[in-house]
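J.: Sharing model_38.cif here; it has mmCIF, C-alpha atoms and all ligand atoms.
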```cif
data_input
loop_
_atom_site.label_atom_id
_atom_site.label_comp_id
_atom_site.auth_asym_id
_atom_site.auth_seq_id
_atom_site.Cartn_x
_atom_site.Cartn_y
_atom_site.Cartn_z
CA MET A 1 -22.14 -44.21 36.66
CA ARG A 2 -21.69 -47.16 34.30
CA ALA A 3 -18.44 -48.33 32.70
CA SER A 4 -17.93 -46.74 29.29
CA GLN A 5 -16.13 -48.38 26.36
CA GLU A 6 -13.10 -46.26 27.35
CA ASP A 7 -13.18 -47.58 30.94
CA PHE A 8 -13.36 -51.07 29.52
CA ASP A 9 -10.46 -50.57 27.07
CA SER A 10 -8.38 -49.07 29.86
CA ALA A 11 -9.18 -52.05 32.13
CA VAL A 12 -8.11 -54.43 29.34
CA ASP A 13 -4.78 -52.55 29.12
CA ARG A 14 -4.31 -52.55 32.91
CA MET A 15 -5.05 -56.24 33.01
CA LYS A 16 -2.00 -56.88 30.82
CA LEU A 17 0.15 -55.48 33.63
CA LEU A 18 -1.04 -58.09 36.09
CA GLU A 19 1.74 -60.38 37.20
CA ASP A 20 0.86 -64.03 36.72
CA PRO A 21 -2.79 -64.08 37.82
CA ASP A 22 -4.04 -67.43 39.15
CA SER A 23 -6.13 -69.63 36.88
CA ASP A 24 -9.48 -68.72 38.53
CA THR A 25 -8.74 -65.04 37.95
CA LYS A 26 -7.74 -65.70 34.34
CA LEU A 27 -10.92 -67.69 33.73
CA LYS A 28 -13.14 -65.01 35.24
CA LEU A 29 -11.44 -62.29 33.19
CA TYR A 30 -11.72 -64.37 30.04
CA ALA A 31 -15.43 -65.07 30.58
CA LEU A 32 -16.31 -61.44 31.36
CA TYR A 33 -14.27 -60.22 28.39
CA LYS A 34 -16.03 -62.60 25.99
CA GLN A 35 -19.45 -61.74 27.42
CA ALA A 36 -18.72 -58.00 27.24
CA THR A 37 -17.49 -58.15 23.65
CA GLU A 38 -19.46 -61.01 22.07
CA GLY A 39 -22.47 -61.50 24.35
CA PRO A 40 -23.70 -64.86 25.68
CA CYS A 41 -21.64 -67.98 24.88
CA ASN A 42 -22.48 -68.98 21.32
CA VAL A 43 -19.98 -71.73 20.57
CA PRO A 44 -20.38 -75.48 21.05
CA ARG A 45 -19.00 -77.13 24.18
CA PRO A 46 -15.44 -78.38 23.45
CA GLU A 47 -14.47 -82.05 23.55
CA VAL A 48 -14.18 -83.57 27.04
CA LEU A 49 -10.42 -84.08 26.69
CA ASP A 50 -9.69 -80.46 25.80
CA ILE A 51 -9.51 -79.41 29.46
CA ILE A 52 -8.41 -75.78 29.08
CA ARG A 53 -10.85 -74.90 26.33
CA LYS A 54 -13.58 -76.70 28.26
CA ALA A 55 -12.84 -74.66 31.42
CA LYS A 56 -12.89 -71.41 29.41
CA TRP A 57 -16.11 -72.39 27.68
CA GLY A 58 -17.65 -73.34 31.07
CA ALA A 59 -16.75 -69.98 32.62
CA TRP A 60 -18.19 -68.04 29.69
CA ASN A 61 -21.29 -70.22 29.45
CA ALA A 62 -21.96 -69.81 33.19
CA LEU A 63 -22.54 -66.09 32.64
CA GLY A 64 -25.79 -67.04 30.92
CA SER A 65 -27.59 -64.08 29.39
CA LEU A 66 -25.80 -61.44 31.45
CA PRO A 67 -26.09 -58.28 29.31
CA LYS A 68 -22.90 -57.08 27.57
CA GLU A 69 -23.12 -53.80 29.45
CA ALA A 70 -23.21 -55.55 32.85
CA ALA A 71 -20.32 -57.83 31.86
CA ARG A 72 -18.31 -54.76 30.83
CA GLN A 73 -19.00 -53.15 34.22
CA ASN A 74 -18.13 -56.36 36.09
CA TYR A 75 -14.91 -56.66 34.09
CA VAL A 76 -13.90 -53.09 34.93
CA ASP A 77 -14.76 -53.59 38.63
CA PHE A 78 -12.90 -56.87 38.78
CA VAL A 79 -9.77 -55.44 37.16
CA SER A 80 -9.97 -52.46 39.53
CA SER A 81 -10.10 -54.79 42.51
CA LEU A 82 -7.01 -56.63 41.21
CA THR A 83 -5.01 -53.52 40.34
CA PRO A 84 -5.89 -50.85 42.92
CA SER A 85 -2.45 -49.29 42.71
CA LEU A 86 -2.76 -48.90 38.95
CA GLU A 87 -6.07 -47.06 39.12
CA SER A 88 -5.85 -43.68 37.48
CA SER A 89 -6.94 -40.91 39.80
CA SER A 90 -9.64 -39.86 37.37
CA GLN A 91 -11.29 -43.25 37.53
CA ALA A 92 -13.81 -44.29 40.13
CA GLY A 93 -12.98 -47.40 42.17
CA PRO A 94 -15.41 -50.27 42.54
CA GLY A 95 -18.72 -48.85 43.62
CA ALA A 96 -17.43 -45.33 44.05
CA GLY A 97 -19.81 -42.74 42.69
CA ARG A 98 -22.12 -45.41 41.31
CA SER A 99 -25.80 -45.27 41.91
CA LEU A 100 -26.24 -49.01 41.34
CA PRO A 101 -25.42 -51.52 44.05
CA GLU A 102 -22.89 -54.16 43.09
CA SER A 103 -23.58 -57.80 43.56
CA GLU A 104 -22.23 -61.02 42.13
CA HIS A 105 -25.61 -62.63 41.58
CA VAL A 106 -28.02 -59.72 41.31
CA VAL A 107 -27.05 -57.56 38.36
CA MET A 108 -28.50 -54.15 37.75
CA THR A 109 -28.33 -52.27 34.44
CA SER A 110 -30.08 -49.20 33.07
CA GLU A 111 -30.75 -48.33 29.45
CA ASP A 112 -33.51 -46.56 27.49
CA SER A 113 -35.19 -45.42 30.75
CA ILE A 114 -35.49 -49.05 31.89
CA THR A 115 -33.66 -50.44 34.90
CA THR A 116 -33.22 -54.19 34.79
CA ILE A 117 -32.59 -56.34 37.85
CA MET A 118 -31.35 -59.75 36.75
CA LEU A 119 -30.88 -62.82 38.95
CA ASN A 120 -27.56 -64.09 37.68
CA ARG A 121 -26.75 -67.47 39.14
CA PRO A 122 -27.59 -69.67 36.17
CA ALA A 123 -25.54 -72.68 37.32
CA LYS A 124 -27.92 -72.95 40.31
CA LYS A 125 -31.00 -72.05 38.28
CA ASN A 126 -30.95 -68.61 39.93
CA ALA A 127 -31.75 -70.02 43.38
CA ILE A 128 -31.90 -67.09 45.80
CA THR A 129 -29.37 -67.01 48.65
CA ILE A 130 -29.68 -64.85 51.77
CA GLN A 131 -27.14 -62.45 50.26
CA MET A 132 -29.22 -62.25 47.07
CA TYR A 133 -32.36 -61.34 49.07
CA GLN A 134 -30.36 -58.48 50.61
CA ASP A 135 -29.07 -57.45 47.18
CA ILE A 136 -32.57 -57.54 45.70
CA ILE A 137 -33.72 -55.15 48.43
CA LEU A 138 -30.81 -52.80 47.66
CA ALA A 139 -31.40 -53.05 43.92
CA LEU A 140 -35.12 -52.31 44.23
CA LYS A 141 -34.47 -49.36 46.54
CA ALA A 142 -31.95 -47.95 44.05
CA ALA A 143 -34.25 -48.57 41.07
CA GLY A 144 -37.14 -46.91 42.90
CA LYS A 145 -35.06 -43.73 43.16
CA ASP A 146 -33.17 -43.66 39.86
CA ASN A 147 -34.39 -41.78 36.81
CA SER A 148 -35.70 -44.81 34.93
CA ALA A 149 -39.38 -45.05 34.05
CA ILE A 150 -39.84 -48.81 34.35
CA THR A 151 -38.10 -51.56 36.33
CA VAL A 152 -37.80 -55.07 34.93
CA PHE A 153 -36.99 -58.19 36.95
CA THR A 154 -35.67 -61.22 35.09
CA GLY A 155 -33.36 -64.24 35.25
CA SER A 156 -30.18 -65.24 33.46
CA GLY A 157 -29.82 -68.58 31.68
CA ASP A 158 -32.55 -71.17 31.23
CA TYR A 159 -34.46 -70.51 34.49
CA TYR A 160 -36.22 -67.42 35.79
CA SER A 161 -35.51 -68.73 39.30
CA SER A 162 -35.70 -71.98 41.25
CA GLY A 163 -36.84 -69.99 44.29
CA ASN A 164 -35.32 -69.98 47.71
CA ASP A 165 -31.86 -71.57 47.81
CA LEU A 166 -32.61 -74.64 49.88
CA THR A 167 -29.15 -74.52 51.43
CA ASN A 168 -30.38 -71.37 53.22
CA PHE A 169 -32.02 -73.86 55.56
CA VAL A 170 -28.84 -75.79 56.29
CA SER A 171 -27.84 -73.28 58.95
CA PHE A 172 -31.09 -74.11 60.76
CA ALA A 173 -29.65 -77.51 61.60
CA SER A 174 -26.37 -76.16 62.84
CA GLY A 175 -27.09 -73.12 64.95
CA ASP A 176 -29.37 -71.20 67.22
CA LEU A 177 -32.71 -72.12 65.65
CA GLU A 178 -34.71 -69.32 67.21
CA LYS A 179 -32.25 -66.67 66.11
CA ILE A 180 -31.67 -67.96 62.58
CA SER A 181 -35.37 -68.49 61.89
CA GLU A 182 -36.13 -65.00 63.19
CA GLU A 183 -33.44 -63.46 60.98
CA SER A 184 -34.70 -65.40 57.95
CA ALA A 185 -38.29 -64.33 58.61
CA ASN A 186 -37.13 -60.72 58.90
CA THR A 187 -35.23 -61.01 55.62
CA LEU A 188 -38.26 -62.49 53.89
CA ARG A 189 -40.53 -59.83 55.34
CA ASN A 190 -38.19 -57.03 54.23
CA VAL A 191 -37.83 -58.30 50.71
CA VAL A 192 -41.58 -58.73 50.25
CA ASP A 193 -42.26 -55.32 51.86
CA THR A 194 -39.87 -53.78 49.33
CA PHE A 195 -41.85 -55.29 46.45
CA ILE A 196 -45.13 -54.06 48.00
CA ASP A 197 -43.79 -50.51 48.33
CA PHE A 198 -42.02 -50.35 44.97
CA PRO A 199 -43.12 -46.98 43.54
CA LYS A 200 -42.74 -47.46 39.75
CA PRO A 201 -44.16 -49.89 37.19
CA LEU A 202 -42.56 -53.24 37.90
CA VAL A 203 -42.45 -55.81 35.10
CA ALA A 204 -41.40 -59.47 35.38
CA ALA A 205 -39.79 -60.95 32.27
CA VAL A 206 -40.16 -64.64 33.13
CA ASN A 207 -37.56 -66.10 30.77
CA GLY A 208 -37.96 -69.72 31.89
CA PRO A 209 -39.32 -71.95 34.67
CA ALA A 210 -40.08 -70.29 37.99
CA VAL A 211 -40.34 -72.00 41.37
CA GLY A 212 -41.41 -71.01 44.90
CA ILE A 213 -40.94 -67.42 45.96
CA SER A 214 -40.10 -66.33 42.42
CA VAL A 215 -43.67 -67.34 41.51
CA THR A 216 -45.49 -66.01 44.57
CA LEU A 217 -43.93 -62.56 44.15
CA LEU A 218 -45.43 -62.30 40.64
CA GLY A 219 -48.70 -61.26 42.28
CA LEU A 220 -46.95 -58.03 43.33
CA PHE A 221 -45.75 -57.11 39.82
CA ASP A 222 -47.71 -54.74 37.62
CA THR A 223 -47.15 -56.78 34.44
CA VAL A 224 -45.81 -60.29 33.92
CA TYR A 225 -44.48 -61.38 30.51
CA ALA A 226 -43.50 -65.02 30.16
CA SER A 227 -41.75 -67.24 27.65
CA ASP A 228 -43.87 -70.18 26.48
CA ARG A 229 -41.10 -72.38 27.95
CA ALA A 230 -41.85 -71.09 31.46
CA THR A 231 -43.69 -73.11 34.06
CA LEU A 232 -44.85 -71.85 37.45
CA HIS A 233 -44.50 -74.13 40.42
CA THR A 234 -45.04 -73.54 44.13
CA PRO A 235 -44.20 -76.86 45.79
CA PHE A 236 -44.61 -75.51 49.32
CA THR A 237 -46.51 -78.31 50.93
CA SER A 238 -44.15 -80.99 49.63
CA LEU A 239 -41.43 -78.99 51.39
CA GLY A 240 -43.50 -78.75 54.60
CA GLN A 241 -43.81 -75.01 53.97
CA THR A 242 -46.56 -72.46 53.45
CA PRO A 243 -47.13 -69.73 50.82
CA GLU A 244 -45.35 -66.38 51.05
CA GLY A 245 -44.85 -63.26 48.93
CA CYS A 246 -48.50 -62.25 49.77
CA SER A 247 -49.67 -65.05 47.46
CA SER A 248 -52.18 -66.28 50.06
CA TYR A 249 -53.97 -63.00 49.29
CA THR A 250 -52.97 -62.07 45.73
CA PHE A 251 -53.41 -65.49 44.09
CA PRO A 252 -57.05 -66.12 45.14
CA LYS A 253 -57.80 -62.54 44.14
CA ILE A 254 -56.15 -62.89 40.73
CA MET A 255 -57.11 -66.44 39.73
CA GLY A 256 -59.95 -67.34 42.10
CA PRO A 257 -59.70 -69.43 45.29
CA ALA A 258 -59.94 -72.86 43.65
CA LYS A 259 -57.11 -72.36 41.13
CA ALA A 260 -55.03 -70.66 43.83
CA ALA A 261 -55.56 -73.63 46.14
CA GLU A 262 -54.44 -76.08 43.45
CA MET A 263 -51.18 -74.19 43.12
CA LEU A 264 -50.48 -73.11 46.68
CA ILE A 265 -51.89 -76.04 48.66
CA PHE A 266 -51.51 -78.97 46.27
CA GLY A 267 -48.38 -77.70 44.50
CA LYS A 268 -49.80 -78.02 40.97
CA LYS A 269 -47.27 -76.87 38.38
CA ILE A 270 -48.86 -74.76 35.64
CA THR A 271 -47.62 -73.61 32.25
CA ALA A 272 -47.18 -69.96 31.32
CA ARG A 273 -50.20 -70.25 29.03
CA GLU A 274 -52.37 -71.62 31.88
CA ALA A 275 -51.12 -68.84 34.16
CA CYS A 276 -52.04 -66.34 31.45
CA ALA A 277 -55.55 -67.75 31.15
CA GLN A 278 -55.84 -67.38 34.95
CA GLY A 279 -54.61 -63.78 34.99
CA LEU A 280 -51.30 -64.27 36.80
CA VAL A 281 -49.29 -63.81 33.58
CA THR A 282 -50.13 -60.86 31.33
CA GLU A 283 -48.89 -62.26 28.01
CA VAL A 284 -46.95 -65.26 26.75
CA PHE A 285 -44.37 -65.04 23.94
CA PRO A 286 -42.67 -67.81 21.95
CA ASP A 287 -39.33 -68.52 23.62
CA ARG A 288 -37.50 -67.89 20.35
CA THR A 289 -38.71 -64.28 20.13
CA PHE A 290 -39.31 -63.64 23.84
CA GLN A 291 -36.39 -61.27 24.49
CA ARG A 292 -36.85 -59.28 21.28
CA GLU A 293 -40.61 -58.86 21.61
CA VAL A 294 -40.58 -58.04 25.32
CA TRP A 295 -37.79 -55.49 25.08
CA THR A 296 -39.24 -53.82 21.99
CA ARG A 297 -42.52 -53.43 23.80
CA LEU A 298 -40.95 -52.18 27.05
CA ARG A 299 -38.82 -49.61 25.23
CA GLU A 300 -42.03 -48.20 23.75
CA TYR A 301 -43.76 -48.16 27.16
CA ALA A 302 -40.76 -46.45 28.73
CA LYS A 303 -41.35 -43.43 26.47
CA ASN A 304 -44.53 -42.62 28.43
CA SER A 305 -44.39 -39.96 31.10
CA PRO A 306 -42.52 -41.51 34.06
CA ASN A 307 -44.44 -39.40 36.56
CA ALA A 308 -47.83 -40.26 35.11
CA MET A 309 -46.92 -43.98 35.17
CA ARG A 310 -45.73 -43.78 38.78
CA ILE A 311 -48.82 -41.89 39.93
CA GLY A 312 -51.03 -44.26 37.94
CA LYS A 313 -49.46 -47.20 39.74
CA GLN A 314 -50.10 -45.54 43.09
CA LEU A 315 -53.77 -45.10 42.18
CA LEU A 316 -54.06 -48.75 41.21
CA ARG A 317 -52.21 -50.13 44.21
CA SER A 318 -52.30 -47.79 47.21
CA SER A 319 -55.64 -48.96 48.61
CA GLU A 320 -54.17 -52.48 48.91
CA LYS A 321 -50.85 -51.64 50.54
CA GLU A 322 -51.88 -51.83 54.17
CA LYS A 323 -53.59 -55.15 53.60
CA LEU A 324 -50.55 -56.54 51.76
CA HIS A 325 -48.17 -55.56 54.57
CA ALA A 326 -50.46 -57.29 57.09
CA VAL A 327 -50.63 -60.43 54.91
CA ASN A 328 -46.85 -60.43 54.55
CA ALA A 329 -46.35 -60.18 58.32
CA GLU A 330 -48.71 -63.11 58.94
CA GLU A 331 -47.21 -65.30 56.19
CA CYS A 332 -43.73 -64.72 57.66
CA ARG A 333 -44.92 -65.55 61.18
CA VAL A 334 -46.51 -68.81 60.02
CA GLY A 335 -43.64 -69.57 57.63
CA ARG A 336 -41.10 -69.26 60.42
CA GLU A 337 -42.97 -71.91 62.43
CA ARG A 338 -43.01 -74.20 59.41
CA TRP A 339 -39.26 -73.85 58.78
CA LEU A 340 -38.71 -75.24 62.27
CA SER A 341 -40.91 -78.29 61.61
CA GLU A 342 -39.66 -81.85 61.16
CA GLU A 343 -41.46 -82.00 57.80
CA CYS A 344 -39.57 -79.04 56.41
CA ALA A 345 -36.21 -80.29 57.70
CA ALA A 346 -36.80 -83.72 56.13
CA ALA A 347 -37.88 -82.26 52.75
CA VAL A 348 -34.86 -79.96 52.54
CA GLN A 349 -32.54 -82.77 53.59
CA SER A 350 -34.10 -84.94 50.92
CA PHE A 351 -33.41 -82.33 48.21
CA LEU A 352 -29.88 -81.77 49.38
CA SER A 353 -29.13 -85.48 49.41
CA ARG A 354 -30.67 -85.73 45.94
CA LYS A 355 -33.16 -88.42 46.99
CA ALA A 356 -36.05 -86.46 45.56
CA ARG A 357 -36.61 -84.08 42.69
CA LEU A 358 -39.70 -82.09 41.81
C1 LIG B 1 -34.76 -66.16 53.96
C2 LIG B 1 -35.58 -67.39 53.79
C3 LIG B 1 -36.70 -67.12 52.88
C4 LIG B 1 -37.55 -68.33 52.65
C5 LIG B 1 -38.51 -68.04 51.56
C6 LIG B 1 -39.42 -69.20 51.31
C7 LIG B 1 -39.33 -69.58 49.89
C8 LIG B 1 -39.67 -70.79 49.53
C9 LIG B 1 -39.43 -71.30 48.18
O1 LIG B 1 -38.96 -70.67 47.25
S1 LIG B 1 -39.82 -72.95 48.04
C10 LIG B 1 -39.09 -73.46 46.54
C11 LIG B 1 -37.68 -73.88 46.73
N1 LIG B 1 -37.15 -74.41 45.49
C12 LIG B 1 -37.20 -75.70 45.16
O2 LIG B 1 -37.73 -76.53 45.87
C13 LIG B 1 -36.54 -76.08 43.87
C14 LIG B 1 -35.44 -77.07 44.11
N2 LIG B 1 -34.78 -77.39 42.84
C15 LIG B 1 -35.20 -78.38 42.03
O3 LIG B 1 -36.14 -79.06 42.27
C16 LIG B 1 -34.43 -78.59 40.76
O4 LIG B 1 -33.12 -78.16 40.97
C17 LIG B 1 -35.03 -77.84 39.54
C18 LIG B 1 -36.37 -78.48 39.15
C19 LIG B 1 -35.24 -76.36 39.86
C20 LIG B 1 -34.08 -77.94 38.33
O5 LIG B 1 -33.79 -79.29 38.09
P1 LIG B 1 -32.68 -79.70 37.02
O6 LIG B 1 -32.97 -79.06 35.71
O7 LIG B 1 -32.58 -81.18 37.06
O8 LIG B 1 -31.35 -79.01 37.53
P2 LIG B 1 -30.52 -79.39 38.85
O9 LIG B 1 -31.41 -79.90 39.90
O10 LIG B 1 -29.37 -80.26 38.46
O11 LIG B 1 -30.01 -77.95 39.31
C21 LIG B 1 -28.78 -77.40 38.89
C22 LIG B 1 -28.02 -76.97 40.12
O12 LIG B 1 -28.80 -75.96 40.80
C23 LIG B 1 -29.02 -76.35 42.16
N3 LIG B 1 -30.33 -75.84 42.59
C24 LIG B 1 -31.42 -75.73 41.83
N4 LIG B 1 -32.42 -75.21 42.57
C25 LIG B 1 -31.94 -74.99 43.80
C26 LIG B 1 -32.48 -74.46 44.99
N5 LIG B 1 -33.74 -74.01 45.05
N6 LIG B 1 -31.70 -74.39 46.07
C27 LIG B 1 -30.42 -74.80 46.03
N7 LIG B 1 -29.82 -75.31 44.93
C28 LIG B 1 -30.59 -75.40 43.82
C29 LIG B 1 -28.98 -77.87 42.12
O13 LIG B 1 -28.72 -78.36 43.41
C30 LIG B 1 -27.85 -78.10 41.14
O14 LIG B 1 -26.65 -77.86 41.83
P3 LIG B 1 -25.37 -78.80 41.56
O15 LIG B 1 -25.06 -78.65 40.10
O16 LIG B 1 -25.83 -80.19 41.93
O17 LIG B 1 -24.33 -78.25 42.46
#
```
Will you turn the file into structure tokens for me?

T.:
Amino acid sequence: MRASQEDFDSAVDRMKLLEDPDSDTKLKLYALYKQATEGPCNVPRPEVLDIIRKAKWGAWNALGSLPKEAARQNYVDFVSSLTPSLESSSQAGPGAGRSLPESEHVVMTSEDSITTIMLNRPAKKNAITIQMYQDIILALKAAGKDNSAITVFTGSGDYYSSGNDLTNFVSFASGDLEKISEESANTLRNVVDTFIDFPKPLVAAVNGPAVGISVTLLGLFDTVYASDRATLHTPFTSLGQTPEGCSSYTFPKIMGPAKAAEMLIFGKKITAREACAQGLVTEVFPDRTFQREVWTRLREYAKNSPNAMRIGKQLLRSSEKEKLHAVNAEECRVGRERWLSEECAAAVQSFLSRKARL
């Protein structure tokens, strides 16, 4: 169940009863309200000295391209969490009765028979934390079962995703290496398995640059639309790491072994247009019209028979599934060894200490 305009209006009224909320709460409410009512931040950044307006602008701007509908839901949930005692008995609490999982950085919305899963951490270029991997699994499982016809995966803000959050590796230095690396490999394996098994048409709307795992997973999507501003970069070997997301199998198959090697072994960054010429991207759109053109097209596609599309996907993909699961298992086994290497530790440390940039 998604928040209606009435739920939103009622949350705005309840919010007025809050007694002296702290400034972080006020900022979050302000940003979600603006996003829910006006959409993405569309005003120029205030002067440096105007501290309050700058903080408000920053909070709104950080919501990136979060859809109005998702902002409305987040606003309602946030107000509910602040005012549990004021909840009317007819209103569901956060998460109650909702078919969509809630998450701060993985936002799920459904409209026009399309479920959208959006990475929403624009200030960190949508880098994927361990929690986000778990939320992506939950979101995909929910989308696989809901009544939408198509599922779309995209990013908020200027990046599609900068890949794995490199601070995920910080815990490697501070704890039980064996255990943490095993847990991380299991998480990676689960998330990739969930993409392999996803039962409906899965479309990537690559709204900007993509790095690492956000690129490798594209080989498991049914259709990939990209903005002409997007680049695709898999800098694994400069990080002492190896390919994942089944790309060691899907990329050579899609683009041929030589082009796949340039990307996955030498870390060559390619443009969306190059990726399109090589078959990894289905179609490239001018950035200016990307959202409009992609969504117009997807809304048309979503009018097709959902069952026929799902069964069609199975026919196209099922013969590969067993192979893909085996590839995933092997990539995770090898990847885990690499994460424990000196090379990987040094590369991550180098990024975190800002000595090196891609
Ligand atoms: C469970 C474990 C699974 C493991 C799976 C294996 C997956 C592997 C991969 O995905 S490998 C790829 C990893 N990603 C990267 O190496 C990218 C690192 N980021 C960058 O090189 C740059 O940030 C950039 C090119 C993406 C963008 O550069 P720029 O435009 O100059 O922006 P900033 O660098 O200032 O970034 C803004 C802000 O975001 C933080 N950030 C960006 N990417 C990551 C990231 N991948 N991990 C953590 N943090 C990231 C960056 O530090 C800045 O934060 P700050 O404002 O300084 O707090």

J.: Within 7 Å of ligand LIG 1 (chain B), counting all atoms listed in the file, which protein or nucleic acid residues do you find, written as number ranges by chain?

T.: A: 123-125, 127, 130, 162-168, 184-185, 187-188, 211-214, 234-236, 244, 351-352, 357-358

J.: Atom CA of A:Ala210 and atom CA of A:Asp197, how far apart in Å?

T.: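 Pair atom CA of A:Asp197 / atom CA of A:Ala210 returns 22.6 Å.
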
J.: Taking only C-alpha atoms into account, name the residue in A:Ala62, A:Ala326, A:Val48, A:Ala204 that is nearest to A:Asn120.

T.: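 Checking each candidate against A:Asn120, we get A:Ala62 as the closest.
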
J.: So what do you get for atom CA of A:Ile180 versus atom CA of A:Arg121, distance-wise?

T.: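 Between atom CA of A:Ile180 and atom CA of A:Arg121 the gap is 24.0 Å.
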
J.: Quick one: pull the distance between atom CA of A:Val224 and atom CA of A:Val152, Å, one decimal.

T.: 9.6 Å

J.: Hey, what's within 12 Å of A:Gln349 if we count all atoms listed in the file and toss same-chain stuff fewer than 4 positions away? As a PyMOL selection string, please?

T.: chain A and resi 166-173+239-240+342-345+353-357

J.: For stretch 195-201 of chain A of the block above, can you save all heavy atoms as a compact mmCIF listing (two decimals), in the first residue's frame?

T.:
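The file below, decode01.txt, is the result:
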```txt
# COMPACT_ATOMS: atom_id res chain seq x y z
N PHE A 195 19.45 -11.74 -9.01
CA PHE A 195 19.33 -11.20 -10.37
C PHE A 195 19.15 -12.35 -11.38
O PHE A 195 18.33 -12.26 -12.30
CB PHE A 195 20.57 -10.37 -10.74
CG PHE A 195 20.49 -8.93 -10.27
CD1 PHE A 195 21.01 -8.56 -9.04
CD2 PHE A 195 19.89 -7.96 -11.06
CE1 PHE A 195 20.93 -7.23 -8.60
CE2 PHE A 195 19.81 -6.64 -10.63
CZ PHE A 195 20.33 -6.27 -9.40
N ILE A 196 19.95 -13.42 -11.20
CA ILE A 196 19.87 -14.55 -12.16
C ILE A 196 18.45 -15.12 -12.18
O ILE A 196 17.90 -15.45 -13.23
CB ILE A 196 20.87 -15.68 -11.77
CG1 ILE A 196 22.31 -15.19 -11.86
CG2 ILE A 196 20.66 -16.92 -12.64
CD1 ILE A 196 23.35 -16.16 -11.28
N ASP A 197 17.84 -15.23 -10.99
CA ASP A 197 16.53 -15.90 -10.88
C ASP A 197 15.35 -14.95 -11.09
O ASP A 197 14.20 -15.39 -10.98
CB ASP A 197 16.39 -16.55 -9.49
CG ASP A 197 17.33 -17.73 -9.35
OD1 ASP A 197 17.62 -18.38 -10.37
OD2 ASP A 197 17.78 -18.00 -8.21
N PHE A 198 15.63 -13.67 -11.33
CA PHE A 198 14.51 -12.72 -11.39
C PHE A 198 13.53 -13.12 -12.50
O PHE A 198 13.93 -13.26 -13.67
CB PHE A 198 15.02 -11.28 -11.60
CG PHE A 198 13.93 -10.28 -11.36
CD1 PHE A 198 13.48 -10.05 -10.07
CD2 PHE A 198 13.31 -9.64 -12.41
CE1 PHE A 198 12.43 -9.16 -9.84
CE2 PHE A 198 12.27 -8.75 -12.19
CZ PHE A 198 11.83 -8.52 -10.89
N PRO A 199 12.25 -13.28 -12.18
CA PRO A 199 11.33 -13.94 -13.13
C PRO A 199 10.71 -13.05 -14.20
O PRO A 199 10.13 -13.57 -15.15
CB PRO A 199 10.22 -14.46 -12.19
CG PRO A 199 10.22 -13.51 -11.04
CD PRO A 199 11.63 -13.04 -10.87
N LYS A 200 10.80 -11.71 -14.05
CA LYS A 200 10.10 -10.83 -15.01
C LYS A 200 11.11 -10.05 -15.84
O LYS A 200 12.27 -9.96 -15.47
CB LYS A 200 9.27 -9.80 -14.24
CG LYS A 200 8.20 -10.36 -13.40
CD LYS A 200 7.55 -9.21 -12.65
CE LYS A 200 6.51 -9.72 -11.72
NZ LYS A 200 5.92 -8.66 -10.93
N PRO A 201 10.64 -9.37 -16.89
CA PRO A 201 11.57 -8.51 -17.64
C PRO A 201 12.21 -7.48 -16.72
O PRO A 201 11.51 -6.79 -15.97
CB PRO A 201 10.67 -7.83 -18.68
CG PRO A 201 9.47 -8.70 -18.80
CD PRO A 201 9.28 -9.36 -17.47
```
